[in-house]
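Student: Quick one: this structure, given as structure tokens, is what I'll be asking you about.
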Number of protein chains: 2
Amino acid sequence: MSLKDLIRDVPNFPKQGIIFKDITTLLKSPEGLKNALNELLELAKDKGITKVVGIESRGFILGGALADKLGVGFVPIRKPGKLPAETISESYTLEYGTDSIEIHKDAIEKGDKVLLHDDLLATGGTMEAACRLVEKLGGEVVQITFLIELSFLNGREKLKKYEVKSLITFQD
Amino acid sequence: MSLKDLIRDVPNFPKQGIIFKDITTLLKSPEGLKNALNELLELAKDKGITKVVGIESRGFILGGALADKLGVGFVPIRKPGKLPAETISESYTLEYGTDSIEIHKDAIEKGDKVLLHDDLLATGGTMEAACRLVEKLGGEVVQITFLIELSFLNGREKLKKYEVKSLITFQD
């Protein structure tokens with residue numbers, strides 16, 4: 001069974017007319033979880049990565065495991081007010097209004113070679129802000145990985161400076 | 001360096017007078033992450049565990065990695081409204097008022113041998129509710145693990161029916 005076959009469509013979530021791509025059906029499958037992580041490891045190894053940064057909260061699930069497999073540390077990027085120590089913040093645009101994300105100031109060292117991970121690439125706004133956070137702290141974004149990419153939303157355009165890899169692509 | 005030495009005290013977070021135990025300093029250390037996961041694996045192996053359930057959102061970081069190391073699937077327990085498909089819910093008591101958590105109805109199969117993981121054992125209310133969710137779906141709670149236990153809050157008392165293991169204990 002392919003990774004794509006393990007993703008469940010949930011109609012009308014989080015609102016009417018949206019078809020949500022549910023990753024929990026992949027995660028609960030031992031083969032799905034193992035194969036997804038092995039594919040991410042294949043993409044990331046031999047790049048000299050020194051830290052994996054995962055975005056709250058679904059990006060934590062594979063992000064933590066991938067950091068362990070690469071033998072490096074894991075850093076969370078979180079919603080405002082969740083990280084306890086000193087942070088820096090970046091805003092990004094939503095359909096209506098803006099939102100922001102934070103990282104601990106001491107999470108990245110100058111020269112860190114960073115892999116950024118999240119579960120889903122939609123419009124790319126969150127990941128673009130995450131890249132700015134890493135770069136503000138002196139880190140280099142070496143690779144960006146997603147479990148799923150909704151390619152019809154063209155989020156790659158915002159991230160074209162970077163190497164972007166997705167395990168599963170939905171074209172409509 | 002011991003795991004405990006990698007935990008950072010952050011005074012007055014999330015409110016005045018609280019000393020927050022920050023796990024991000026452990027997670028960003030390659031040795032800290034690796035050693036914590038190896039200790040969790042040591043505790044969990046040979047128990048016939050068939051699923052790891054992690055509690056949003058810090059419980060996702062080591063929970064996902066531990067599921068992969070055990071060769072089983074991972075299931076998230078989340079705050080209300082976050083899981084897209086059909087869920088069941090359980091409430092628990094906070095200092096003032098109540099909160100609740102949810103799990104997908106099809107996340108656990110009858111007879112699943114479940115390891116529940118979260119980052120911190122404080123009063124135990126969230127984990128007790130999480131156990132009820134798993135048991136409602138026919139799962140057996142085989143082990144509960146925490147990265148940190150605040151033993152002076154006596155959360156173990158609420159979980160005394162279960163095997164509870166913590167990697168790091170703070171006694172005051």
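Every chain in the structure tokens has a letter given in the order shown (A, B, ...), and although residue numbers restart at 1 in each chain, ligands are simply numbered from 1 in the order shown.
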Can you tell me which residues surround Leu70 in chain A at a distance of at most 9 Å, considering only C-alpha atoms, apart from same-chain residues fewer than 5 positions away, and format the answer as a list in words?
Tutor: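 The residues that qualify are Leu41, Ala44, Lys45, Ile49, Thr50, Lys51, Val52 and Ala65 of chain A.
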Student: List the neighbours of range 21-28 of chain B out to 6 Å using only C-alpha atoms; skip same-chain residues closer than 4 positions along the sequence, and give me the result as a list in words.
Tutor: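 Skipping anything fewer than 4 positions along the chain leaves Gly73, Phe74 and Val75 of chain A; Leu6, Ile7, Arg8, Asp9, Gly32 and Leu33 of chain B.
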Student: Residues near range 78-81 of chain A, anyone? I mean within 6 Å using only C-alpha atoms, not counting same-chain ones fewer than 2 positions away, as a ChimeraX atom specification.
Tutor: /A:56,83,101-102
Student: Residues of the last selection are to be written out with C-alpha atoms, as a PDB file, in the first residue's frame.
Tutor:
```pdb
ATOM      1  CA  GLU A  56       3.541  22.784  15.962  1.00  0.00           C
ATOM      2  CA  LEU A  83       7.673  28.496  24.487  1.00  0.00           C
ATOM      3  CA  ILE A 101       5.054  31.638  15.236  1.00  0.00           C
ATOM      4  CA  GLU A 102       7.966  31.628  17.657  1.00  0.00           C
TER       5      GLU A 102
END
```
Student: Looking only at strand (DSSP E or B) from DSSP on the backbone, list the matching residues of range 58-123 of chain A as a PDB file with N, CA, C and O atoms, in the first residue's frame.
Tutor:
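Output saved as states-v7.pdb:
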```pdb
ATOM      1  N   GLY A  73      19.741  17.070  17.170  1.00  0.00           N
ATOM      2  CA  GLY A  73      18.737  17.555  18.105  1.00  0.00           C
ATOM      3  C   GLY A  73      17.468  18.013  17.390  1.00  0.00           C
ATOM      4  O   GLY A  73      17.469  18.247  16.175  1.00  0.00           O
ATOM      5  N   PHE A  74      16.398  18.158  18.184  1.00  0.00           N
ATOM      6  CA  PHE A  74      15.103  18.600  17.654  1.00  0.00           C
ATOM      7  C   PHE A  74      14.716  19.929  18.287  1.00  0.00           C
ATOM      8  O   PHE A  74      14.875  20.121  19.494  1.00  0.00           O
ATOM      9  N   VAL A  75      14.176  20.827  17.455  1.00  0.00           N
ATOM     10  CA  VAL A  75      13.749  22.153  17.918  1.00  0.00           C
ATOM     11  C   VAL A  75      12.296  22.388  17.508  1.00  0.00           C
ATOM     12  O   VAL A  75      11.963  22.252  16.333  1.00  0.00           O
ATOM     13  N   PRO A  76      11.422  22.777  18.462  1.00  0.00           N
ATOM     14  CA  PRO A  76      10.042  23.092  18.098  1.00  0.00           C
ATOM     15  C   PRO A  76       9.855  24.563  17.762  1.00  0.00           C
ATOM     16  O   PRO A  76      10.400  25.440  18.433  1.00  0.00           O
ATOM     17  N   ILE A  77       9.073  24.816  16.698  1.00  0.00           N
ATOM     18  CA  ILE A  77       8.536  26.156  16.438  1.00  0.00           C
ATOM     19  C   ILE A  77       7.085  26.109  16.876  1.00  0.00           C
ATOM     20  O   ILE A  77       6.356  25.179  16.521  1.00  0.00           O
ATOM     21  N   ARG A  78       6.672  27.108  17.700  1.00  0.00           N
ATOM     22  CA  ARG A  78       5.345  27.006  18.297  1.00  0.00           C
ATOM     23  C   ARG A  78       4.516  28.268  18.106  1.00  0.00           C
ATOM     24  O   ARG A  78       5.011  29.319  17.721  1.00  0.00           O
ATOM     25  N   THR A  87      12.198  34.234  23.162  1.00  0.00           N
ATOM     26  CA  THR A  87      11.884  33.836  21.790  1.00  0.00           C
ATOM     27  C   THR A  87      12.043  34.998  20.815  1.00  0.00           C
ATOM     28  O   THR A  87      12.091  36.160  21.214  1.00  0.00           O
ATOM     29  N   ILE A  88      12.091  34.661  19.523  1.00  0.00           N
ATOM     30  CA  ILE A  88      11.839  35.638  18.465  1.00  0.00           C
ATOM     31  C   ILE A  88      10.599  35.163  17.707  1.00  0.00           C
ATOM     32  O   ILE A  88      10.230  33.986  17.771  1.00  0.00           O
ATOM     33  N   SER A  89       9.959  36.087  16.995  1.00  0.00           N
ATOM     34  CA  SER A  89       8.658  35.821  16.413  1.00  0.00           C
ATOM     35  C   SER A  89       8.617  36.283  14.959  1.00  0.00           C
ATOM     36  O   SER A  89       9.318  37.233  14.584  1.00  0.00           O
ATOM     37  N   GLU A  90       7.831  35.617  14.131  1.00  0.00           N
ATOM     38  CA  GLU A  90       7.589  36.049  12.746  1.00  0.00           C
ATOM     39  C   GLU A  90       6.097  35.916  12.447  1.00  0.00           C
ATOM     40  O   GLU A  90       5.461  34.953  12.888  1.00  0.00           O
ATOM     41  N   SER A  91       5.575  36.858  11.682  1.00  0.00           N
ATOM     42  CA  SER A  91       4.165  36.813  11.307  1.00  0.00           C
ATOM     43  C   SER A  91       4.010  36.300   9.881  1.00  0.00           C
ATOM     44  O   SER A  91       4.930  36.394   9.082  1.00  0.00           O
ATOM     45  N   TYR A  92       2.836  35.770   9.583  1.00  0.00           N
ATOM     46  CA  TYR A  92       2.525  35.365   8.204  1.00  0.00           C
ATOM     47  C   TYR A  92       1.051  35.633   7.944  1.00  0.00           C
ATOM     48  O   TYR A  92       0.250  35.745   8.874  1.00  0.00           O
ATOM     49  N   THR A  93       0.729  35.748   6.663  1.00  0.00           N
ATOM     50  CA  THR A  93      -0.624  36.134   6.269  1.00  0.00           C
ATOM     51  C   THR A  93      -1.520  34.909   6.123  1.00  0.00           C
ATOM     52  O   THR A  93      -1.114  33.885   5.565  1.00  0.00           O
ATOM     53  N   THR A  98      -3.617  37.868  10.082  1.00  0.00           N
ATOM     54  CA  THR A  98      -2.272  37.293  10.189  1.00  0.00           C
ATOM     55  C   THR A  98      -2.182  36.411  11.432  1.00  0.00           C
ATOM     56  O   THR A  98      -3.020  36.477  12.324  1.00  0.00           O
ATOM     57  N   ASP A  99      -1.135  35.590  11.451  1.00  0.00           N
ATOM     58  CA  ASP A  99      -0.841  34.773  12.620  1.00  0.00           C
ATOM     59  C   ASP A  99       0.666  34.814  12.824  1.00  0.00           C
ATOM     60  O   ASP A  99       1.385  35.362  11.990  1.00  0.00           O
ATOM     61  N   SER A 100       1.153  34.304  13.947  1.00  0.00           N
ATOM     62  CA  SER A 100       2.607  34.297  14.103  1.00  0.00           C
ATOM     63  C   SER A 100       3.097  33.030  14.790  1.00  0.00           C
ATOM     64  O   SER A 100       2.318  32.278  15.388  1.00  0.00           O
ATOM     65  N   ILE A 101       4.393  32.800  14.646  1.00  0.00           N
ATOM     66  CA  ILE A 101       5.054  31.638  15.236  1.00  0.00           C
ATOM     67  C   ILE A 101       6.345  32.083  15.910  1.00  0.00           C
ATOM     68  O   ILE A 101       6.893  33.129  15.582  1.00  0.00           O
ATOM     69  N   GLU A 102       6.793  31.257  16.855  1.00  0.00           N
ATOM     70  CA  GLU A 102       7.966  31.628  17.657  1.00  0.00           C
ATOM     71  C   GLU A 102       8.991  30.485  17.725  1.00  0.00           C
ATOM     72  O   GLU A 102       8.636  29.307  17.601  1.00  0.00           O
ATOM     73  N   ILE A 103      10.215  30.880  17.978  1.00  0.00           N
ATOM     74  CA  ILE A 103      11.293  29.910  18.227  1.00  0.00           C
ATOM     75  C   ILE A 103      12.128  30.450  19.389  1.00  0.00           C
ATOM     76  O   ILE A 103      12.249  31.672  19.563  1.00  0.00           O
ATOM     77  N   HIS A 104      12.683  29.552  20.192  1.00  0.00           N
ATOM     78  CA  HIS A 104      13.598  30.001  21.245  1.00  0.00           C
ATOM     79  C   HIS A 104      14.850  30.611  20.619  1.00  0.00           C
ATOM     80  O   HIS A 104      15.413  30.049  19.672  1.00  0.00           O
ATOM     81  N   LYS A 113      23.039  23.680  10.252  1.00  0.00           N
ATOM     82  CA  LYS A 113      22.430  23.286   8.976  1.00  0.00           C
ATOM     83  C   LYS A 113      21.097  22.620   9.306  1.00  0.00           C
ATOM     84  O   LYS A 113      21.058  21.531   9.872  1.00  0.00           O
ATOM     85  N   VAL A 114      20.027  23.306   8.914  1.00  0.00           N
ATOM     86  CA  VAL A 114      18.707  22.977   9.459  1.00  0.00           C
ATOM     87  C   VAL A 114      17.805  22.288   8.437  1.00  0.00           C
ATOM     88  O   VAL A 114      17.718  22.707   7.282  1.00  0.00           O
ATOM     89  N   LEU A 115      17.140  21.242   8.888  1.00  0.00           N
ATOM     90  CA  LEU A 115      16.032  20.642   8.149  1.00  0.00           C
ATOM     91  C   LEU A 115      14.742  21.089   8.823  1.00  0.00           C
ATOM     92  O   LEU A 115      14.563  20.880  10.026  1.00  0.00           O
ATOM     93  N   LEU A 116      13.852  21.717   8.060  1.00  0.00           N
ATOM     94  CA  LEU A 116      12.549  22.130   8.583  1.00  0.00           C
ATOM     95  C   LEU A 116      11.499  21.127   8.140  1.00  0.00           C
ATOM     96  O   LEU A 116      11.451  20.754   6.955  1.00  0.00           O
ATOM     97  N   HIS A 117      10.645  20.710   9.073  1.00  0.00           N
ATOM     98  CA  HIS A 117       9.618  19.715   8.727  1.00  0.00           C
ATOM     99  C   HIS A 117       8.234  20.135   9.200  1.00  0.00           C
ATOM    100  O   HIS A 117       8.070  20.635  10.317  1.00  0.00           O
ATOM    101  N   ASP A 118       7.251  19.933   8.322  1.00  0.00           N
ATOM    102  CA  ASP A 118       5.845  20.068   8.738  1.00  0.00           C
ATOM    103  C   ASP A 118       5.051  18.990   8.018  1.00  0.00           C
ATOM    104  O   ASP A 118       5.541  18.358   7.077  1.00  0.00           O
ATOM    105  N   ASP A 119       3.813  18.786   8.479  1.00  0.00           N
ATOM    106  CA  ASP A 119       3.043  17.699   7.862  1.00  0.00           C
ATOM    107  C   ASP A 119       2.522  18.081   6.484  1.00  0.00           C
ATOM    108  O   ASP A 119       2.425  17.248   5.611  1.00  0.00           O
ATOM    109  N   LEU A 120       2.182  19.374   6.285  1.00  0.00           N
ATOM    110  CA  LEU A 120       1.419  19.746   5.087  1.00  0.00           C
ATOM    111  C   LEU A 120       1.917  21.050   4.479  1.00  0.00           C
ATOM    112  O   LEU A 120       2.019  22.065   5.172  1.00  0.00           O
ATOM    113  N   LEU A 121       2.173  21.027   3.162  1.00  0.00           N
ATOM    114  CA  LEU A 121       2.442  22.270   2.420  1.00  0.00           C
ATOM    115  C   LEU A 121       1.161  22.696   1.712  1.00  0.00           C
ATOM    116  O   LEU A 121       0.698  22.010   0.800  1.00  0.00           O
TER     117      LEU A 121
END
```
Student: Which one of B:Ile19, B:Ile148, B:Val134, B:Ala129 sits closest to chain A if you count only C-alpha atoms?
Tutor: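 Closest to chain A of all the choices is B:Ile19.
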Student: Could you please write out, as a PyMOL selection string, every residue of chain B that DSSP assigns to helix (DSSP H, G or I)?
Tutor: chain B and resi 4-6+24-27+30-44+59-70+125-136+151-153+155-159
Student: So how far away is CA of Phe152 in chain B from CA of Cys131 in chain B, in Å?
Tutor: 21.7 Å
Student: So that I can check the surroundings of Ser151 in chain A, please list as a ChimeraX atom specification every protein, DNA and RNA residue that reaches within 12 Å of it, counting only C-alpha atoms and ignoring chain neighbours fewer than 6 positions away.
Tutor: /A:120-124,157,164-166,168-172
Student: Store the residues picked out above in a file with all heavy atoms, as a short mmCIF file (atom, residue, chain, number, x, y, z; two decimals), in the first residue's frame.
Tutor:
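Produced file again.cif, reproduced below:
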```
data_model
loop_
_atom_site.label_atom_id
_atom_site.label_comp_id
_atom_site.auth_asym_id
_atom_site.auth_seq_id
_atom_site.Cartn_x
_atom_site.Cartn_y
_atom_site.Cartn_z
N LEU A 120 2.18 19.37 6.28
CA LEU A 120 1.42 19.75 5.09
C LEU A 120 1.92 21.05 4.48
O LEU A 120 2.02 22.07 5.17
CB LEU A 120 -0.05 19.92 5.48
CG LEU A 120 -1.01 20.29 4.35
CD1 LEU A 120 -1.38 19.05 3.54
CD2 LEU A 120 -2.27 20.94 4.89
N LEU A 121 2.17 21.03 3.16
CA LEU A 121 2.44 22.27 2.42
C LEU A 121 1.16 22.70 1.71
O LEU A 121 0.70 22.01 0.80
CB LEU A 121 3.57 22.06 1.40
CG LEU A 121 3.84 23.23 0.43
CD1 LEU A 121 4.14 24.53 1.18
CD2 LEU A 121 4.97 22.89 -0.55
N ALA A 122 0.59 23.81 2.18
CA ALA A 122 -0.59 24.38 1.52
C ALA A 122 -0.11 25.64 0.80
O ALA A 122 0.58 25.55 -0.21
CB ALA A 122 -1.69 24.64 2.53
N THR A 123 -0.39 26.83 1.35
CA THR A 123 0.05 28.05 0.67
C THR A 123 1.51 28.41 0.99
O THR A 123 2.08 29.29 0.35
CB THR A 123 -0.84 29.25 1.06
OG1 THR A 123 -0.67 29.49 2.46
CG2 THR A 123 -2.31 28.96 0.78
N GLY A 124 2.09 27.77 1.99
CA GLY A 124 3.52 27.95 2.28
C GLY A 124 3.86 29.11 3.21
O GLY A 124 5.02 29.32 3.54
N GLU A 157 6.09 28.03 -4.58
CA GLU A 157 6.51 29.32 -5.13
C GLU A 157 7.15 30.19 -4.03
O GLU A 157 8.19 30.80 -4.23
CB GLU A 157 5.29 30.03 -5.75
CG GLU A 157 5.59 31.34 -6.44
CD GLU A 157 6.61 31.26 -7.57
OE1 GLU A 157 6.78 30.17 -8.17
OE2 GLU A 157 7.29 32.29 -7.82
N VAL A 164 12.87 21.79 -1.48
CA VAL A 164 11.59 21.38 -0.89
C VAL A 164 11.24 19.97 -1.37
O VAL A 164 11.24 19.72 -2.58
CB VAL A 164 10.46 22.35 -1.30
CG1 VAL A 164 9.11 21.88 -0.73
CG2 VAL A 164 10.76 23.77 -0.82
N LYS A 165 10.95 19.07 -0.44
CA LYS A 165 10.59 17.70 -0.80
C LYS A 165 9.29 17.31 -0.09
O LYS A 165 9.11 17.61 1.10
CB LYS A 165 11.69 16.71 -0.35
CG LYS A 165 13.06 16.99 -0.94
CD LYS A 165 13.18 16.48 -2.34
CE LYS A 165 14.60 16.66 -2.88
NZ LYS A 165 14.69 16.30 -4.30
N SER A 166 8.42 16.63 -0.80
CA SER A 166 7.19 16.13 -0.21
C SER A 166 7.07 14.65 -0.53
O SER A 166 7.40 14.23 -1.63
CB SER A 166 5.97 16.84 -0.82
OG SER A 166 6.18 18.22 -0.79
N ILE A 168 4.14 12.94 -0.46
CA ILE A 168 2.85 12.67 -1.10
C ILE A 168 2.36 13.98 -1.71
O ILE A 168 2.37 15.01 -1.02
CB ILE A 168 1.80 12.21 -0.06
CG1 ILE A 168 2.27 10.95 0.68
CG2 ILE A 168 0.43 12.00 -0.72
CD1 ILE A 168 1.46 10.65 1.94
N THR A 169 1.95 13.95 -2.99
CA THR A 169 1.43 15.17 -3.63
C THR A 169 -0.01 14.96 -4.09
O THR A 169 -0.32 13.93 -4.71
CB THR A 169 2.31 15.55 -4.83
OG1 THR A 169 3.65 15.75 -4.37
CG2 THR A 169 1.82 16.84 -5.49
N PHE A 170 -0.86 15.91 -3.74
CA PHE A 170 -2.22 15.93 -4.28
C PHE A 170 -2.31 17.09 -5.27
O PHE A 170 -2.01 18.23 -4.90
CB PHE A 170 -3.25 16.08 -3.16
CG PHE A 170 -3.37 14.88 -2.28
CD1 PHE A 170 -2.70 14.82 -1.07
CD2 PHE A 170 -4.14 13.79 -2.67
CE1 PHE A 170 -2.79 13.70 -0.25
CE2 PHE A 170 -4.24 12.67 -1.85
CZ PHE A 170 -3.56 12.62 -0.63
N GLN A 171 -2.76 16.78 -6.49
CA GLN A 171 -2.76 17.82 -7.54
C GLN A 171 -4.10 18.50 -7.69
O GLN A 171 -4.23 19.46 -8.44
CB GLN A 171 -2.31 17.21 -8.86
CG GLN A 171 -0.86 16.71 -8.73
CD GLN A 171 -0.29 16.19 -10.01
OE1 GLN A 171 -0.94 15.45 -10.73
NE2 GLN A 171 0.95 16.60 -10.30
N ASP A 172 -5.11 18.01 -7.00
CA ASP A 172 -6.41 18.72 -6.99
C ASP A 172 -7.20 18.30 -5.76
O ASP A 172 -6.74 17.54 -4.96
CB ASP A 172 -7.22 18.46 -8.26
CG ASP A 172 -7.34 16.96 -8.53
OD1 ASP A 172 -7.34 16.13 -7.60
OD2 ASP A 172 -7.40 16.62 -9.73
#
```
Student: How many Å lie between CA of Gln143 in chain B and CA of Leu94 in chain B, rounded to one decimal?
Tutor: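 Value for the CA of Gln143 in chain B-CA of Leu94 in chain B distance: 23.8 Å.
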Student: Could you check which of B:Leu37, B:Ala67, B:Met1, B:Val72 is closest to chain A, using only C-alpha atoms?
Tutor: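 Using only C-alpha atoms, the shortest distance to chain A belongs to B:Val72.
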